[in-house]
>>> print(open('start-v4.txt').read())   # compact mmCIF, N, CA and C atoms
# COMPACT_ATOMS: atom_id res chain seq x y z
N MET A 1 -4.82 -28.35 15.83
CA MET A 1 -4.85 -27.14 16.62
C MET A 1 -6.27 -26.90 17.11
N GLY A 2 -6.75 -27.77 17.99
CA GLY A 2 -8.12 -27.63 18.45
C GLY A 2 -8.26 -27.18 19.88
N ASP A 3 -7.19 -27.16 20.62
CA ASP A 3 -7.38 -26.79 22.02
C ASP A 3 -7.35 -25.27 22.19
N PHE A 4 -8.01 -24.82 23.25
CA PHE A 4 -8.24 -23.39 23.44
C PHE A 4 -6.95 -22.58 23.42
N GLU A 5 -5.93 -23.00 24.14
CA GLU A 5 -4.70 -22.21 24.23
C GLU A 5 -4.05 -22.01 22.86
N ASP A 6 -4.07 -23.04 22.03
CA ASP A 6 -3.51 -22.92 20.67
C ASP A 6 -4.33 -21.95 19.83
N LEU A 7 -5.66 -22.09 19.89
CA LEU A 7 -6.52 -21.20 19.12
C LEU A 7 -6.39 -19.76 19.61
N LYS A 8 -6.34 -19.57 20.92
CA LYS A 8 -6.16 -18.25 21.52
C LYS A 8 -4.87 -17.61 21.03
N ALA A 9 -3.77 -18.35 21.09
CA ALA A 9 -2.47 -17.84 20.66
C ALA A 9 -2.49 -17.48 19.17
N ALA A 10 -3.14 -18.31 18.36
CA ALA A 10 -3.21 -18.04 16.93
C ALA A 10 -3.99 -16.76 16.64
N ILE A 11 -5.13 -16.58 17.31
CA ILE A 11 -5.94 -15.38 17.09
C ILE A 11 -5.20 -14.14 17.57
N GLU A 12 -4.59 -14.21 18.74
CA GLU A 12 -3.85 -13.06 19.26
C GLU A 12 -2.65 -12.74 18.38
N GLY A 13 -2.05 -13.74 17.76
CA GLY A 13 -0.95 -13.49 16.84
C GLY A 13 -1.41 -12.85 15.55
N GLU A 14 -2.60 -13.25 15.11
CA GLU A 14 -3.17 -12.71 13.87
C GLU A 14 -3.71 -11.29 14.07
N PHE A 15 -4.16 -10.99 15.29
CA PHE A 15 -4.76 -9.69 15.60
C PHE A 15 -4.06 -9.08 16.81
N PRO A 16 -2.86 -8.52 16.60
CA PRO A 16 -2.14 -7.90 17.71
C PRO A 16 -2.98 -6.78 18.34
N GLY A 17 -2.82 -6.61 19.64
CA GLY A 17 -3.57 -5.57 20.33
C GLY A 17 -4.88 -6.06 20.91
N TRP A 18 -5.18 -7.34 20.74
CA TRP A 18 -6.40 -7.94 21.28
C TRP A 18 -6.02 -9.05 22.26
N GLN A 19 -6.78 -9.15 23.35
CA GLN A 19 -6.62 -10.24 24.31
C GLN A 19 -7.88 -11.11 24.22
N VAL A 20 -7.67 -12.40 24.04
CA VAL A 20 -8.77 -13.34 23.80
C VAL A 20 -9.02 -14.18 25.04
N TRP A 21 -10.29 -14.44 25.31
CA TRP A 21 -10.66 -15.39 26.36
C TRP A 21 -11.98 -16.03 26.01
N ARG A 22 -12.31 -17.08 26.76
CA ARG A 22 -13.57 -17.81 26.56
C ARG A 22 -14.31 -17.86 27.89
N SER A 23 -15.60 -17.62 27.83
CA SER A 23 -16.41 -17.62 29.05
C SER A 23 -16.67 -19.06 29.50
N ASP A 24 -17.18 -19.20 30.71
CA ASP A 24 -17.54 -20.52 31.21
C ASP A 24 -18.61 -21.18 30.36
N ALA A 25 -19.43 -20.36 29.71
CA ALA A 25 -20.48 -20.87 28.83
C ALA A 25 -19.95 -21.24 27.44
N GLY A 26 -18.66 -20.95 27.17
CA GLY A 26 -18.06 -21.32 25.90
C GLY A 26 -18.04 -20.23 24.85
N ARG A 27 -18.56 -19.07 25.16
CA ARG A 27 -18.55 -17.94 24.20
C ARG A 27 -17.16 -17.33 24.17
N TRP A 28 -16.73 -16.92 22.97
CA TRP A 28 -15.39 -16.35 22.76
C TRP A 28 -15.46 -14.83 22.79
N TYR A 29 -14.48 -14.20 23.45
CA TYR A 29 -14.40 -12.74 23.58
C TYR A 29 -13.00 -12.27 23.24
N ALA A 30 -12.92 -11.01 22.81
CA ALA A 30 -11.63 -10.35 22.63
C ALA A 30 -11.80 -8.90 23.06
N THR A 31 -10.81 -8.41 23.80
CA THR A 31 -10.80 -7.03 24.27
C THR A 31 -9.52 -6.36 23.82
N ARG A 32 -9.63 -5.14 23.40
CA ARG A 32 -8.45 -4.38 22.99
C ARG A 32 -7.57 -4.09 24.19
N SER A 33 -6.29 -4.06 23.94
CA SER A 33 -5.35 -3.74 25.02
C SER A 33 -5.07 -2.24 25.10
N GLY A 34 -5.58 -1.48 24.13
CA GLY A 34 -5.41 -0.02 24.14
C GLY A 34 -6.74 0.68 23.98
N ASP A 35 -6.72 1.98 24.10
CA ASP A 35 -7.94 2.78 23.97
C ASP A 35 -8.26 3.08 22.51
N LEU A 36 -9.52 3.38 22.26
CA LEU A 36 -9.97 3.79 20.94
C LEU A 36 -10.07 5.30 20.87
N THR A 37 -9.84 5.83 19.69
CA THR A 37 -10.04 7.26 19.46
C THR A 37 -11.53 7.52 19.22
N ASP A 38 -11.93 8.77 19.28
CA ASP A 38 -13.31 9.12 18.97
C ASP A 38 -13.66 8.72 17.55
N ALA A 39 -12.74 8.91 16.62
CA ALA A 39 -12.98 8.55 15.22
C ALA A 39 -13.21 7.05 15.08
N GLN A 40 -12.44 6.25 15.79
CA GLN A 40 -12.63 4.79 15.73
C GLN A 40 -13.98 4.39 16.31
N LEU A 41 -14.37 5.02 17.41
CA LEU A 41 -15.68 4.73 18.00
C LEU A 41 -16.80 5.10 17.03
N GLN A 42 -16.67 6.25 16.38
CA GLN A 42 -17.68 6.69 15.41
C GLN A 42 -17.72 5.77 14.19
N ALA A 43 -16.60 5.13 13.87
CA ALA A 43 -16.54 4.20 12.74
C ALA A 43 -17.11 2.84 13.11
N GLY A 44 -17.52 2.66 14.37
CA GLY A 44 -18.12 1.39 14.77
C GLY A 44 -17.17 0.42 15.44
N CYS A 45 -15.97 0.86 15.75
CA CYS A 45 -15.02 -0.01 16.44
C CYS A 45 -15.46 -0.21 17.89
N ALA A 46 -15.18 -1.38 18.44
CA ALA A 46 -15.59 -1.71 19.80
C ALA A 46 -14.38 -2.08 20.65
N MET A 47 -14.50 -1.86 21.94
CA MET A 47 -13.44 -2.26 22.86
C MET A 47 -13.44 -3.77 23.09
N THR A 48 -14.63 -4.36 23.15
CA THR A 48 -14.77 -5.80 23.37
C THR A 48 -15.76 -6.35 22.36
N VAL A 49 -15.43 -7.50 21.80
CA VAL A 49 -16.31 -8.17 20.85
C VAL A 49 -16.51 -9.61 21.29
N ALA A 50 -17.56 -10.23 20.78
CA ALA A 50 -17.87 -11.61 21.18
C ALA A 50 -18.38 -12.40 19.99
N ALA A 51 -18.22 -13.73 20.07
CA ALA A 51 -18.73 -14.64 19.05
C ALA A 51 -18.95 -16.01 19.69
N ASP A 52 -19.66 -16.86 18.97
CA ASP A 52 -19.97 -18.19 19.50
C ASP A 52 -18.80 -19.15 19.44
N ASP A 53 -17.85 -18.90 18.53
CA ASP A 53 -16.72 -19.82 18.37
C ASP A 53 -15.50 -19.05 17.87
N SER A 54 -14.38 -19.75 17.74
CA SER A 54 -13.13 -19.08 17.34
C SER A 54 -13.21 -18.51 15.93
N GLU A 55 -13.84 -19.23 15.02
CA GLU A 55 -13.95 -18.71 13.65
C GLU A 55 -14.84 -17.48 13.59
N GLY A 56 -15.90 -17.48 14.37
CA GLY A 56 -16.76 -16.30 14.44
C GLY A 56 -16.01 -15.11 15.01
N LEU A 57 -15.18 -15.36 16.01
CA LEU A 57 -14.39 -14.29 16.60
C LEU A 57 -13.41 -13.73 15.58
N ARG A 58 -12.80 -14.59 14.80
CA ARG A 58 -11.89 -14.11 13.73
C ARG A 58 -12.63 -13.19 12.76
N ARG A 59 -13.84 -13.59 12.38
CA ARG A 59 -14.63 -12.76 11.45
C ARG A 59 -14.94 -11.39 12.06
N VAL A 60 -15.31 -11.38 13.34
CA VAL A 60 -15.61 -10.11 14.02
C VAL A 60 -14.36 -9.24 14.09
N LEU A 61 -13.22 -9.86 14.40
CA LEU A 61 -11.98 -9.10 14.49
C LEU A 61 -11.55 -8.58 13.12
N LEU A 62 -11.80 -9.33 12.07
CA LEU A 62 -11.53 -8.84 10.71
C LEU A 62 -12.39 -7.61 10.41
N ASP A 63 -13.66 -7.67 10.79
CA ASP A 63 -14.54 -6.51 10.60
C ASP A 63 -14.02 -5.30 11.37
N GLN A 64 -13.54 -5.53 12.58
CA GLN A 64 -12.98 -4.44 13.38
C GLN A 64 -11.75 -3.84 12.69
N ALA A 65 -10.91 -4.69 12.15
CA ALA A 65 -9.70 -4.21 11.46
C ALA A 65 -10.09 -3.37 10.24
N ARG A 66 -11.12 -3.80 9.52
CA ARG A 66 -11.58 -3.02 8.37
C ARG A 66 -12.10 -1.67 8.80
N GLY A 67 -12.81 -1.62 9.91
CA GLY A 67 -13.34 -0.36 10.43
C GLY A 67 -12.24 0.60 10.83
N GLU A 68 -11.17 0.05 11.37
CA GLU A 68 -10.03 0.90 11.77
C GLU A 68 -9.38 1.54 10.57
N SER A 69 -9.38 0.80 9.45
CA SER A 69 -8.70 1.33 8.27
C SER A 69 -9.67 2.07 7.34
N GLY A 70 -10.93 2.21 7.77
CA GLY A 70 -11.89 2.97 6.97
C GLY A 70 -12.49 2.20 5.83
N GLU A 71 -12.39 0.87 5.81
CA GLU A 71 -12.90 0.06 4.70
C GLU A 71 -14.37 -0.30 4.82
N ARG A 72 -15.05 0.10 5.85
CA ARG A 72 -16.44 -0.33 6.07
C ARG A 72 -17.34 0.15 5.01
>>> encode(input="start-v4.txt", output="structure tokens")
Amino acid sequence: MGDFEDLKAAIEGEFPGWQVWRSDAGRWYATRSGDLTDAQLQAGCAMTVAADDSEGLRRVLLDQARGESGER
């Protein structure tokens, strides 16, 4: 499972509500498909996150999920 479309589908399946893409430079991004509440913004949640690779993006999205649930 090394090609972009497979990795993209796996990440989006693991983190519903996020849309994943990769820039021309190879950096990985994910953007939420919905809006954040003021409380989520204050907890450090972001609309768009970025990482150098797919595993880094997974780690960032895990951190976002923890922030949503107040685990930070």
>>> residues_around(input="start-v4.txt", residues="stretch 17-29 of chain A", least_positions_apart="2", cutoff="6.5 Å", atoms="all atoms listed in the file", output="NGL selection string")
:A and (8 or 12 or 15 or 31-34 or 49-54 or 57)
>>> atom_distance(input="start-v4.txt", atom1="atom CA of A:Ala39", atom2="atom N of A:Gln64")
14.3 Å
>>> axis_aligned_box(input="start-v4.txt", around="stretch 27-41 of chain A", padding_each_side="8 Å", output="AutoDock Vina command-line options")
--center_x -11.8 --center_y -5.0 --center_z 20.1 --size_x 29.5 --size_y 44.2 --size_z 26.1
>>> select_by_dssp(input="start-v4.txt", residues="chain A", states="alpha helix (DSSP H)", output="count of residues only")
31
>>> select_by_dssp(input="start-v4.txt", residues="chain A", states="strand (DSSP E or B)", output="list in words")
Trp18, Gln19, Val20, Trp21, Arg22, Trp28, Tyr29, Ala30, Thr31, Arg32, Thr48, Val49, Ala50 and Ala51 of chain A
>>> atom_distance(input="start-v4.txt", atom1="atom CA of A:Cys45", atom2="atom N of A:Val60")
11.8 Å
>>> closest_residue(input="start-v4.txt", among="A:Glu68, A:Leu62, A:Pro16, A:Glu55", to="A:Leu41", atoms="only C-alpha atoms")
A:Glu68
>>> atom_distance(input="start-v4.txt", atom1="atom N of A:Leu7", atom2="atom N of A:Leu36")
25.9 Å
>>> closest_residue(input="start-v4.txt", among="A:Glu14, A:Arg66, A:Ala30, A:Ala9", to="A:Thr48", atoms="only N, CA and C atoms")
A:Ala30
>>> decode(input="start-v4.txt", residues="stretch 38-53 of chain A", atoms="all heavy atoms", output="CSV table (one decimal), in the first residue's frame")
chain,number,residue,atom,x,y,z
A,38,ASP,N,-15.9,27.4,18.5
A,38,ASP,CA,-14.9,28.3,19.2
A,38,ASP,C,-14.2,27.5,20.2
A,38,ASP,O,-13.0,27.7,20.4
A,38,ASP,CB,-15.7,29.5,19.9
A,38,ASP,CG,-16.2,30.5,18.9
A,38,ASP,OD1,-15.6,30.6,17.8
A,38,ASP,OD2,-17.1,31.3,19.2
A,39,ALA,N,-14.8,26.6,20.9
A,39,ALA,CA,-14.1,25.8,21.9
A,39,ALA,C,-13.1,24.9,21.2
A,39,ALA,O,-12.0,24.7,21.8
A,39,ALA,CB,-15.1,24.9,22.6
A,40,GLN,N,-13.3,24.3,20.1
A,40,GLN,CA,-12.3,23.5,19.4
A,40,GLN,C,-11.1,24.4,19.0
A,40,GLN,O,-10.0,24.0,19.1
A,40,GLN,CB,-12.9,22.8,18.2
A,40,GLN,CG,-13.9,21.7,18.5
A,40,GLN,CD,-14.6,21.2,17.3
A,40,GLN,OE1,-15.1,21.9,16.5
A,40,GLN,NE2,-14.7,19.9,17.2
A,41,LEU,N,-11.4,25.6,18.5
A,41,LEU,CA,-10.3,26.5,18.1
A,41,LEU,C,-9.5,26.9,19.3
A,41,LEU,O,-8.2,26.9,19.2
A,41,LEU,CB,-10.9,27.7,17.4
A,41,LEU,CG,-11.5,27.6,16.0
A,41,LEU,CD1,-12.2,28.8,15.6
A,41,LEU,CD2,-10.4,27.2,15.0
A,42,GLN,N,-10.1,27.1,20.4
A,42,GLN,CA,-9.4,27.5,21.6
A,42,GLN,C,-8.6,26.3,22.2
A,42,GLN,O,-7.5,26.5,22.8
A,42,GLN,CB,-10.3,28.0,22.7
A,42,GLN,CG,-10.9,29.3,22.4
A,42,GLN,CD,-11.9,29.8,23.3
A,42,GLN,OE1,-12.3,29.1,24.3
A,42,GLN,NE2,-12.5,31.0,23.1
A,43,ALA,N,-9.0,25.1,21.9
A,43,ALA,CA,-8.3,23.9,22.3
A,43,ALA,C,-7.1,23.6,21.4
A,43,ALA,O,-6.4,22.6,21.6
A,43,ALA,CB,-9.2,22.7,22.3
A,44,GLY,N,-7.0,24.4,20.3
A,44,GLY,CA,-5.8,24.2,19.4
A,44,GLY,C,-6.1,23.4,18.2
A,44,GLY,O,-5.2,23.0,17.4
A,45,CYS,N,-7.4,23.1,17.9
A,45,CYS,CA,-7.8,22.4,16.7
A,45,CYS,C,-7.6,23.3,15.5
A,45,CYS,O,-7.8,24.5,15.6
A,45,CYS,CB,-9.2,21.9,16.8
A,45,CYS,SG,-9.5,20.7,18.1
A,46,ALA,N,-7.3,22.7,14.3
A,46,ALA,CA,-7.0,23.5,13.1
A,46,ALA,C,-7.9,23.0,12.0
A,46,ALA,O,-8.3,21.8,12.0
A,46,ALA,CB,-5.5,23.3,12.7
A,47,MET,N,-8.2,23.9,11.1
A,47,MET,CA,-9.0,23.5,9.9
A,47,MET,C,-8.1,22.7,8.9
A,47,MET,O,-8.6,21.8,8.3
A,47,MET,CB,-9.5,24.8,9.2
A,47,MET,CG,-10.8,25.4,9.9
A,47,MET,SD,-12.2,24.2,9.9
A,47,MET,CE,-12.6,24.0,8.2
A,48,THR,N,-6.9,23.1,8.8
A,48,THR,CA,-6.0,22.4,7.8
A,48,THR,C,-4.7,22.1,8.6
A,48,THR,O,-4.2,23.0,9.3
A,48,THR,CB,-5.7,23.3,6.6
A,48,THR,OG1,-6.9,23.6,6.0
A,48,THR,CG2,-4.8,22.6,5.6
A,49,VAL,N,-4.2,20.9,8.3
A,49,VAL,CA,-2.9,20.5,8.9
A,49,VAL,C,-2.0,20.0,7.8
A,49,VAL,O,-2.4,19.6,6.8
A,49,VAL,CB,-3.1,19.5,10.0
A,49,VAL,CG1,-3.9,20.0,11.2
A,49,VAL,CG2,-3.8,18.2,9.5
A,50,ALA,N,-0.7,20.0,8.1
A,50,ALA,CA,0.3,19.5,7.1
A,50,ALA,C,1.4,18.7,7.8
A,50,ALA,O,1.7,18.8,8.9
A,50,ALA,CB,0.9,20.7,6.4
A,51,ALA,N,2.0,17.8,6.9
A,51,ALA,CA,3.2,17.0,7.4
A,51,ALA,C,4.0,16.7,6.2
A,51,ALA,O,3.6,16.8,5.0
A,51,ALA,CB,2.7,15.8,8.1
A,52,ASP,N,5.2,16.2,6.4
A,52,ASP,CA,6.1,15.8,5.4
A,52,ASP,C,5.8,14.5,4.7
A,52,ASP,O,6.1,14.3,3.5
A,52,ASP,CB,7.6,15.8,5.9
A,52,ASP,CG,8.1,17.1,6.3
A,52,ASP,OD1,7.7,18.1,5.7
A,52,ASP,OD2,9.0,17.2,7.2
A,53,ASP,N,5.1,13.7,5.4
A,53,ASP,CA,4.7,12.4,4.8
A,53,ASP,C,3.4,11.8,5.4
A,53,ASP,O,2.8,12.5,6.3
A,53,ASP,CB,5.9,11.4,5.0
A,53,ASP,CG,6.3,11.2,6.4
A,53,ASP,OD1,5.4,11.4,7.3
A,53,ASP,OD2,7.5,10.9,6.7
